[in-house]
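Participant: What follows is final38.txt; its format and atoms are compact mmCIF, C-alpha atoms and all ligand atoms.
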```txt
# COMPACT_ATOMS: atom_id res chain seq x y z
CA MET T 50 12.07 20.15 5.27
CA LEU T 51 11.53 16.61 4.09
CA LYS T 52 14.95 15.66 5.39
CA ARG T 53 14.34 17.27 8.77
CA THR T 54 11.03 15.54 9.21
CA LEU T 55 12.59 12.23 8.26
CA GLN T 56 15.39 12.68 10.74
CA MET T 57 13.03 13.71 13.53
CA SER T 58 10.80 10.73 12.93
CA LEU T 59 13.83 8.49 12.62
CA SER T 60 15.02 9.42 16.08
CA LEU T 61 11.54 8.82 17.46
CA CYS T 62 11.54 5.41 15.85
CA ILE T 63 14.94 4.41 17.18
CA ALA T 64 13.48 4.33 20.67
CA LEU T 65 10.93 1.77 19.53
CA ILE T 66 13.34 -0.71 18.00
CA PHE T 67 13.52 -4.11 19.59
CA PHE T 68 15.00 -7.46 18.70
CA THR T 69 12.62 -10.40 18.47
CA GLY T 70 15.33 -12.98 19.16
CA THR T 71 13.40 -15.58 17.25
CA ALA T 72 14.99 -18.48 15.39
CA LEU T 73 12.49 -18.22 12.54
CA ALA T 74 13.53 -17.02 9.09
CA ALA T 75 14.53 -13.38 9.11
CA TYR T 76 11.98 -12.46 6.47
CA GLN T 77 9.03 -13.51 8.61
CA ASN T 78 8.07 -9.88 8.96
CA GLY T 79 8.81 -8.84 5.42
CA ILE T 80 11.49 -8.23 2.82
CA PRO T 81 13.30 -4.88 2.71
CA VAL T 82 13.83 -3.03 -0.56
CA LEU T 83 16.50 -0.33 -0.60
CA LEU T 84 16.23 2.59 -3.02
CA TYR T 85 19.25 4.44 -4.43
CA HIS T 86 19.60 6.99 -7.24
CA HIS T 87 23.18 8.19 -7.89
CA ILE T 88 26.43 6.56 -6.83
CA GLU T 89 28.67 9.53 -7.61
CA ARG T 90 32.21 10.66 -6.85
CA VAL T 91 31.37 14.35 -7.19
CA PRO T 92 28.03 15.60 -5.79
CA GLY T 93 25.69 16.47 -8.64
CA GLU T 94 22.78 18.86 -9.18
CA ASP T 95 20.83 17.38 -6.27
CA PRO T 96 23.57 16.16 -3.91
CA GLU T 97 21.05 14.53 -1.56
CA LEU T 98 20.22 11.95 -4.25
CA GLY T 99 23.81 10.76 -4.41
CA VAL T 100 25.82 8.36 -2.29
CA SER T 101 29.60 8.31 -2.81
CA PRO T 102 31.18 5.08 -4.11
CA ALA T 103 33.11 4.80 -0.83
CA ALA T 104 29.92 5.13 1.24
CA PHE T 105 28.09 2.67 -1.02
CA ASP T 106 30.98 0.21 -0.74
CA ALA T 107 30.83 0.48 3.06
CA GLN T 108 27.05 0.01 3.10
CA LEU T 109 27.29 -3.11 0.93
CA ALA T 110 30.05 -4.49 3.17
CA LYS T 111 27.80 -4.01 6.22
CA LEU T 112 24.83 -5.67 4.51
CA LYS T 113 27.05 -8.60 3.53
CA ALA T 114 28.51 -8.90 7.04
CA ALA T 115 24.99 -8.86 8.49
CA GLY T 116 24.11 -11.84 6.29
CA PHE T 117 21.84 -10.22 3.70
CA THR T 118 21.51 -11.81 0.26
CA THR T 119 19.99 -10.00 -2.69
CA ILE T 120 17.19 -11.78 -4.54
CA SER T 121 15.56 -11.37 -7.95
CA LEU T 122 12.28 -9.62 -8.65
CA ASP T 123 10.83 -13.00 -9.63
CA ASP T 124 11.63 -14.50 -6.22
CA PHE T 125 10.35 -11.37 -4.50
CA TYR T 126 7.11 -11.64 -6.48
CA ALA T 127 6.74 -15.32 -5.60
CA TYR T 128 7.16 -14.49 -1.92
CA MET T 129 4.55 -11.72 -2.16
CA ARG T 130 2.12 -14.13 -3.83
CA HIS T 131 2.73 -16.98 -1.36
CA LEU T 132 4.08 -19.06 -4.26
CA PRO T 133 6.67 -21.74 -3.53
CA VAL T 134 10.13 -20.13 -3.52
CA LYS T 135 13.38 -20.87 -1.73
CA LEU T 136 14.64 -17.69 -0.14
CA PRO T 137 17.94 -17.00 1.61
CA GLU T 138 17.80 -16.39 5.34
CA LYS T 139 17.96 -12.60 4.99
CA PRO T 140 16.61 -11.63 1.57
CA LEU T 141 17.00 -8.10 0.27
CA LEU T 142 16.24 -6.13 -2.89
CA ILE T 143 18.54 -3.27 -3.91
CA THR T 144 16.94 -0.90 -6.41
CA PHE T 145 18.08 2.12 -8.45
CA ASP T 146 15.73 4.70 -9.94
CA ASP T 147 16.03 6.92 -13.04
CA GLY T 148 18.93 5.26 -14.88
CA TYR T 149 22.01 7.40 -14.28
CA GLU T 150 25.20 6.27 -15.99
CA ASP T 151 26.97 5.97 -12.62
CA ASN T 152 24.75 2.96 -11.89
CA TYR T 153 26.86 1.17 -14.51
CA THR T 154 30.27 2.75 -13.90
CA GLU T 155 30.18 2.94 -10.07
CA ALA T 156 27.36 0.83 -8.61
CA ALA T 157 27.57 -2.30 -10.77
CA PRO T 158 31.26 -3.09 -10.05
CA LEU T 159 30.73 -2.64 -6.29
CA LEU T 160 27.65 -4.87 -6.34
CA GLN T 161 29.70 -7.50 -8.19
CA LYS T 162 32.44 -7.22 -5.59
CA TYR T 163 29.97 -8.38 -2.92
CA GLY T 164 28.06 -10.84 -5.10
CA PHE T 165 24.91 -8.71 -4.97
CA GLN T 166 22.38 -8.16 -7.73
CA ALA T 167 20.10 -5.16 -8.15
CA VAL T 168 17.04 -3.81 -9.91
CA LEU T 169 17.13 -0.84 -12.28
CA PHE T 170 13.99 1.25 -12.78
CA MET T 171 14.76 2.96 -16.10
CA VAL T 172 13.02 6.02 -17.52
CA GLY T 173 12.14 5.12 -21.14
CA VAL T 174 13.19 8.27 -23.02
CA ASN T 175 16.45 8.50 -21.08
CA VAL T 176 18.01 5.46 -22.70
CA ASP T 177 21.18 6.63 -24.54
CA ARG T 178 20.88 10.22 -23.27
CA PRO T 179 24.02 11.97 -21.95
CA ASP T 180 24.83 10.93 -18.37
CA ARG T 181 22.13 8.27 -18.53
CA LEU T 182 22.54 4.60 -19.25
CA SER T 183 22.95 3.47 -22.83
CA ALA T 184 21.09 0.53 -24.30
CA ALA T 185 24.39 -1.42 -24.38
CA GLN T 186 25.09 -0.67 -20.70
CA ILE T 187 21.57 -1.74 -19.69
CA ARG T 188 21.96 -5.02 -21.59
CA ASP T 189 25.32 -5.60 -19.93
CA MET T 190 23.85 -4.92 -16.48
CA ASN T 191 21.07 -7.36 -17.30
CA LYS T 192 23.73 -9.97 -18.16
CA GLN T 193 25.44 -9.25 -14.82
CA GLY T 194 22.21 -10.22 -13.05
CA TRP T 195 20.38 -6.91 -12.78
CA ASN T 196 16.62 -6.97 -13.28
CA ILE T 197 15.55 -4.13 -15.57
CA ALA T 198 12.16 -2.62 -14.75
CA ALA T 199 10.13 0.42 -15.78
CA HIS T 200 9.99 3.94 -14.37
CA THR T 201 7.63 5.43 -17.00
CA MET T 202 8.64 7.13 -20.28
CA THR T 203 9.30 10.71 -19.08
CA HIS T 204 9.15 10.62 -15.26
CA PRO T 205 5.96 12.66 -14.76
CA ASP T 206 3.77 12.85 -11.67
CA LEU T 207 1.36 10.15 -12.88
CA THR T 208 -1.50 11.49 -10.76
CA ARG T 209 -1.65 14.60 -12.98
CA LEU T 210 -2.06 12.83 -16.32
CA ASP T 211 -5.12 12.18 -18.45
CA LYS T 212 -6.04 8.62 -19.29
CA ASN T 213 -4.21 8.46 -22.64
CA SER T 214 -0.97 9.97 -21.36
CA LEU T 215 -1.07 7.66 -18.38
CA ALA T 216 -1.48 4.61 -20.63
CA TRP T 217 1.43 5.79 -22.83
CA GLU T 218 3.75 6.45 -19.88
CA LEU T 219 3.03 3.01 -18.40
CA GLY T 220 2.74 0.92 -21.57
CA GLY T 221 5.49 2.71 -23.50
CA SER T 222 8.12 2.23 -20.84
CA LYS T 223 7.18 -1.42 -20.36
CA ARG T 224 7.58 -2.04 -24.10
CA THR T 225 10.83 -0.03 -24.28
CA ILE T 226 12.44 -2.13 -21.53
CA GLU T 227 11.13 -5.37 -23.01
CA ARG T 228 12.56 -4.51 -26.44
CA LEU T 229 15.91 -3.78 -24.79
CA THR T 230 16.18 -6.88 -22.63
CA ARG T 231 13.93 -9.33 -24.47
CA GLN T 232 12.51 -10.14 -21.04
CA THR T 233 9.21 -9.28 -19.38
CA ALA T 234 9.31 -5.97 -17.50
CA GLY T 235 6.83 -6.89 -14.82
CA PHE T 236 7.47 -4.10 -12.36
CA LEU T 237 7.14 -0.34 -12.21
CA ALA T 238 8.33 2.33 -9.82
CA TYR T 239 5.99 5.33 -9.58
CA PRO T 240 7.99 8.55 -10.30
CA GLY T 241 8.30 10.49 -7.05
CA GLY T 242 6.35 7.67 -5.46
CA PHE T 243 3.10 9.41 -6.50
CA TYR T 244 0.03 7.30 -7.11
CA ASP T 245 -3.73 7.47 -6.74
CA LEU T 246 -6.59 5.14 -7.61
CA PRO T 247 -6.57 5.84 -11.41
CA VAL T 248 -2.77 5.34 -11.47
CA TYR T 249 -3.11 2.13 -9.49
CA GLN T 250 -5.76 0.81 -11.89
CA ALA T 251 -3.88 1.90 -15.02
CA THR T 252 -0.74 0.14 -13.75
CA GLN T 253 -2.68 -3.09 -13.42
CA ALA T 254 -4.30 -2.56 -16.83
CA ALA T 255 -0.86 -2.01 -18.45
CA GLY T 256 0.05 -5.54 -17.41
CA TYR T 257 2.42 -4.91 -14.51
CA GLN T 258 2.68 -7.56 -11.78
CA GLY T 259 3.50 -4.97 -9.16
CA ALA T 260 4.64 -1.41 -8.50
CA PHE T 261 6.96 0.23 -6.00
CA THR T 262 6.26 3.38 -4.00
CA VAL T 263 8.47 5.29 -1.58
CA LEU T 264 6.34 4.30 1.39
CA THR T 265 8.91 2.88 3.74
CA GLY T 266 8.83 -0.43 5.57
CA LEU T 267 9.18 -4.12 4.90
CA ASN T 268 7.07 -5.95 2.32
CA ASN T 269 4.90 -8.70 3.72
CA PRO T 270 2.36 -10.62 1.62
CA ASP T 271 -0.15 -10.76 4.47
CA ARG T 272 -0.15 -7.02 4.88
CA ASP T 273 1.08 -5.30 1.74
CA ASN T 274 -0.39 -4.70 -1.69
CA LEU T 275 1.60 -5.69 -4.80
CA TYR T 276 0.91 -2.28 -6.38
CA LEU T 277 1.91 -0.35 -3.25
CA LEU T 278 5.24 -1.99 -2.52
CA ARG T 279 7.48 -0.36 0.08
CA ARG T 280 11.02 0.88 -0.29
CA ILE T 281 13.55 2.41 2.04
CA PRO T 282 15.29 5.36 0.35
CA ILE T 283 18.99 5.79 1.02
CA PHE T 284 19.94 9.45 0.59
CA LYS T 285 23.27 11.17 1.17
CA SER T 286 22.21 12.20 4.69
CA THR T 287 20.57 8.87 5.59
CA ASP T 288 21.87 7.34 8.80
CA PHE T 289 22.58 3.95 7.23
CA ASP T 290 23.58 2.28 10.48
CA THR T 291 20.15 3.05 11.95
CA ILE T 292 18.47 1.58 8.89
CA LEU T 293 20.72 -1.48 9.11
CA THR T 294 19.84 -1.99 12.77
CA ARG T 295 16.17 -2.00 11.83
CA LEU T 296 16.76 -4.39 8.93
CA ILE T 297 18.57 -6.79 11.21
CA ALA T 298 15.78 -6.51 13.80
CA ASN T 299 13.21 -7.14 11.03
CA GLN T 300 10.52 -5.85 13.33
CA SER T 301 6.95 -6.73 12.53
CA LYS T 302 5.35 -3.31 12.66
CA ALA T 303 5.58 -1.63 9.28
CA SER T 304 4.52 1.58 10.98
CA LEU T 305 7.91 1.80 12.67
CA PHE T 306 9.36 2.48 9.24
CA ASP T 307 6.52 4.62 7.99
CA TYR T 308 7.95 8.04 8.51
CA SER T 309 7.03 9.04 4.97
CA GLU T 310 3.30 8.38 5.18
CA GLU T 311 2.53 11.38 7.33
CA LEU T 312 4.41 13.74 5.03
CA PRO T 313 2.65 16.07 2.62
CA LYS T 314 2.86 15.04 -0.99
CA GLU T 315 6.31 16.20 -1.91
CA GLN T 316 8.62 15.38 -4.79
CA GLN T 317 11.26 12.84 -3.79
CA LYS T 318 12.43 11.95 -7.33
ZN ZN J 1 12.58 8.64 -10.29
```
Could you express the structure from this file as structure tokens?
Ligand SMILES: [Zn+2]
Facilitator:
Amino acid sequence: MLKRTLQMSLSLCIALIFFTGTALAAYQNGIPVLLYHHIERVPGEDPELGVSPAAFDAQLAKLKAAGFTTISLDDFYAYMRHLPVKLPEKPLLITFDDGYEDNYTEAAPLLQKYGFQAVLFMVGVNVDRPDRLSAAQIRDMNKQGWNIAAHTMTHPDLTRLDKNSLAWELGGSKRTIERLTRQTAGFLAYPGGFYDLPVYQATQAAGYQGAFTVLTGLNNPDRDNLYLLRRIPIFKSTDFDTILTRLIANQSKASLFDYSEELPKEQQK
């Protein structure tokens, strides 16, 4: 049902796409953040969460050909705070949620092939679990240029937790990542994209600089909140070429991307 609604809204949106034809920097209307989960050869338990290595390779090739350059979370943060930062002409963040082992075995080599970096949002208790990333793999990814960020300790719906559990999920995962990488874990991704005012406030209180949702669209400092950052999920059935056309157009209206905001609260993992 989620998929159908997305596709319906996507086709509605296609009609609205236009090219601005401006010579200004391509990020004038915001920076896109792509969201992946699995890069897997054989479809897993939830096949929709996976993109095959061949499809991922093709998507990266198209992004490269279109002139996109991946940036670090630090540069993204600077842009969102209007701090001085030198950005490439078409900046992009590529993110992975949950910490599946295929992020290391399949995604990382393909990203390297195109000179791209990425961000991993790791679930704290999943470090070293079967089929999930090991501490050694995470450190190696970090050395390859990946930013390692937090995705809570156990991947709960944060809006359902009491104050103490919320603080543990947020603070515990931040500390776990920081112990692993010996770097500040300044960013969080809300599991399932779920947040409410207490979650928003607890995320700030836990010391995060920002947090990512699954609200779609481009991130623009004049319009978007650092604790409600937007991402564009790429699922197995996603029409990547349509997304790419929109990224190239870099249209100013976030609402053109916002097909998720009208949806009922539904688990998207
Ligand atoms: Zn997740």
Participant: Near region 127-129 of chain T, counting all atoms listed in the file, which residues have an atom at most 8 Å away, once you skip same-chain residues fewer than 5 positions from it, shown as a list in words?
Facilitator: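 The neighbour list is Val134, Asn268, Asn269, Pro270 and Leu275 of chain T.
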Participant: Those selected residues, please, written with C-alpha atoms and delivered as an mmCIF file, keeping the file's coordinate frame.
Facilitator:
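Now in again20.cif:
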```cif
data_model
loop_
_atom_site.group_PDB
_atom_site.id
_atom_site.type_symbol
_atom_site.label_atom_id
_atom_site.label_comp_id
_atom_site.auth_asym_id
_atom_site.auth_seq_id
_atom_site.Cartn_x
_atom_site.Cartn_y
_atom_site.Cartn_z
ATOM 1 C CA VAL T 134 10.130 -20.130 -3.520
ATOM 2 C CA ASN T 268 7.070 -5.950 2.320
ATOM 3 C CA ASN T 269 4.900 -8.700 3.720
ATOM 4 C CA PRO T 270 2.360 -10.620 1.620
ATOM 5 C CA LEU T 275 1.600 -5.690 -4.800
#
```
Participant: Please identify every residue of region 219-238 of chain T that has at least one atom no farther than 8 Å from an atom of region 155-179 of chain T, counting all atoms listed in the file, and for each give the shortest atom pair and the distance in Å to one decimal, arranged by chain then increasing number, as a tab-separated table.
Facilitator:
```
residue	atom	partner	partner_atom	distance
T:Gly221	CA	T:Gly173	CA	7.5
T:Ser222	CA	T:Gly173	CA	5.0
T:Thr225	CA	T:Gly173	CA	6.2
T:Ile226	CA	T:Gly173	CA	7.3
T:Leu237	CA	T:Phe170	CA	7.1
T:Ala238	CA	T:Phe170	CA	6.5
```
Participant: Where does chain T meet ligand ZN 1 (chain J) within 7 Å, residue by residue, with the nearest atom pair and distance in Å to one decimal for each, counting only C-alpha atoms and all ligand atoms, listed by chain and rising number, as a Markdown table?
Facilitator:
```
| residue | atom | partner | partner_atom | distance |
| --- | --- | --- | --- | --- |
| T:Asp146 | CA | J:ZN1 | ZN | 5.1 |
| T:Asp147 | CA | J:ZN1 | ZN | 4.7 |
| T:His200 | CA | J:ZN1 | ZN | 6.7 |
| T:His204 | CA | J:ZN1 | ZN | 6.4 |
| T:Pro240 | CA | J:ZN1 | ZN | 4.6 |
| T:Gly241 | CA | J:ZN1 | ZN | 5.7 |
| T:Lys318 | CA | J:ZN1 | ZN | 4.4 |
```
Participant: Take CA of Thr291 (chain T) and CA of Lys111 (chain T) and report the distance between them in Å, one decimal.
Facilitator: 11.9 Å
Participant: Could you list, as a PyMOL selection string, every residue within 9 Å of Ile120 (chain T), counting all atoms listed in the file and ignoring same-chain residues fewer than 2 positions away?
Facilitator: chain T and resi 118+122-125+136-137+140-143+165-167
Participant: Between T:Pro247, T:Pro133, T:Gly99, T:Gly79, which has the minimum distance to Asp271 (chain T) (counting only C-alpha atoms)?
Facilitator: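 Using only C-alpha atoms, the shortest distance to Asp271 (chain T) belongs to T:Gly79.
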Participant: Find the distance between CA of Gln193 (chain T) and CA of Leu112 (chain T) and write it in Å to one decimal.
Facilitator: 19.7 Å
Participant: Please provide the set of residues having any atom within 12 Å of Asp189 (chain T), restricted to all atoms listed in the file, with same-chain residues fewer than 3 positions apart removed, written as a count of residues only.
Facilitator: 18
Participant: Skipping near chain neighbours, those fewer than 6 positions away, what residues fall within 8 Å of region 212-216 of chain T using all atoms listed in the file, listed as a list in words?
Facilitator: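 That gives Val248, Ala251 and Ala255 of chain T.
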Participant: Hey, can you check how far CA of Tyr276 (chain T) sits from CA of Lys223 (chain T)?
Facilitator: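 CA of Lys223 (chain T) lies at a distance of 15.3 Å from CA of Tyr276 (chain T).
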Participant: Need the shell around Asp290 (chain T): protein/DNA/RNA residues with any atom at most 12 Å away, counting only C-alpha atoms. Skip same-chain ones fewer than 4 positions apart. Format as a count of residues only?
Facilitator: 16
Participant: Using all atoms listed in the file, can you tell me which of T:Tyr249, T:Ile88, T:Tyr257, T:Arg188 comes closest to Arg224 (chain T)?
Facilitator: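 Nearest to Arg224 (chain T): T:Tyr257.
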Participant: Using only C-alpha atoms, which of T:Trp217, T:Tyr149, T:Tyr85, T:Tyr126 sits nearest Gly235 (chain T)?
Facilitator: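 Among T:Trp217, T:Tyr149, T:Tyr85, T:Tyr126, it is T:Tyr126 that comes nearest to Gly235 (chain T).
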Participant: Taking all atoms listed in the file into account, name the residue in T:Ile187, T:Arg272, T:Thr119, T:Glu97 that is nearest to Leu83 (chain T).
Facilitator: T:Thr119
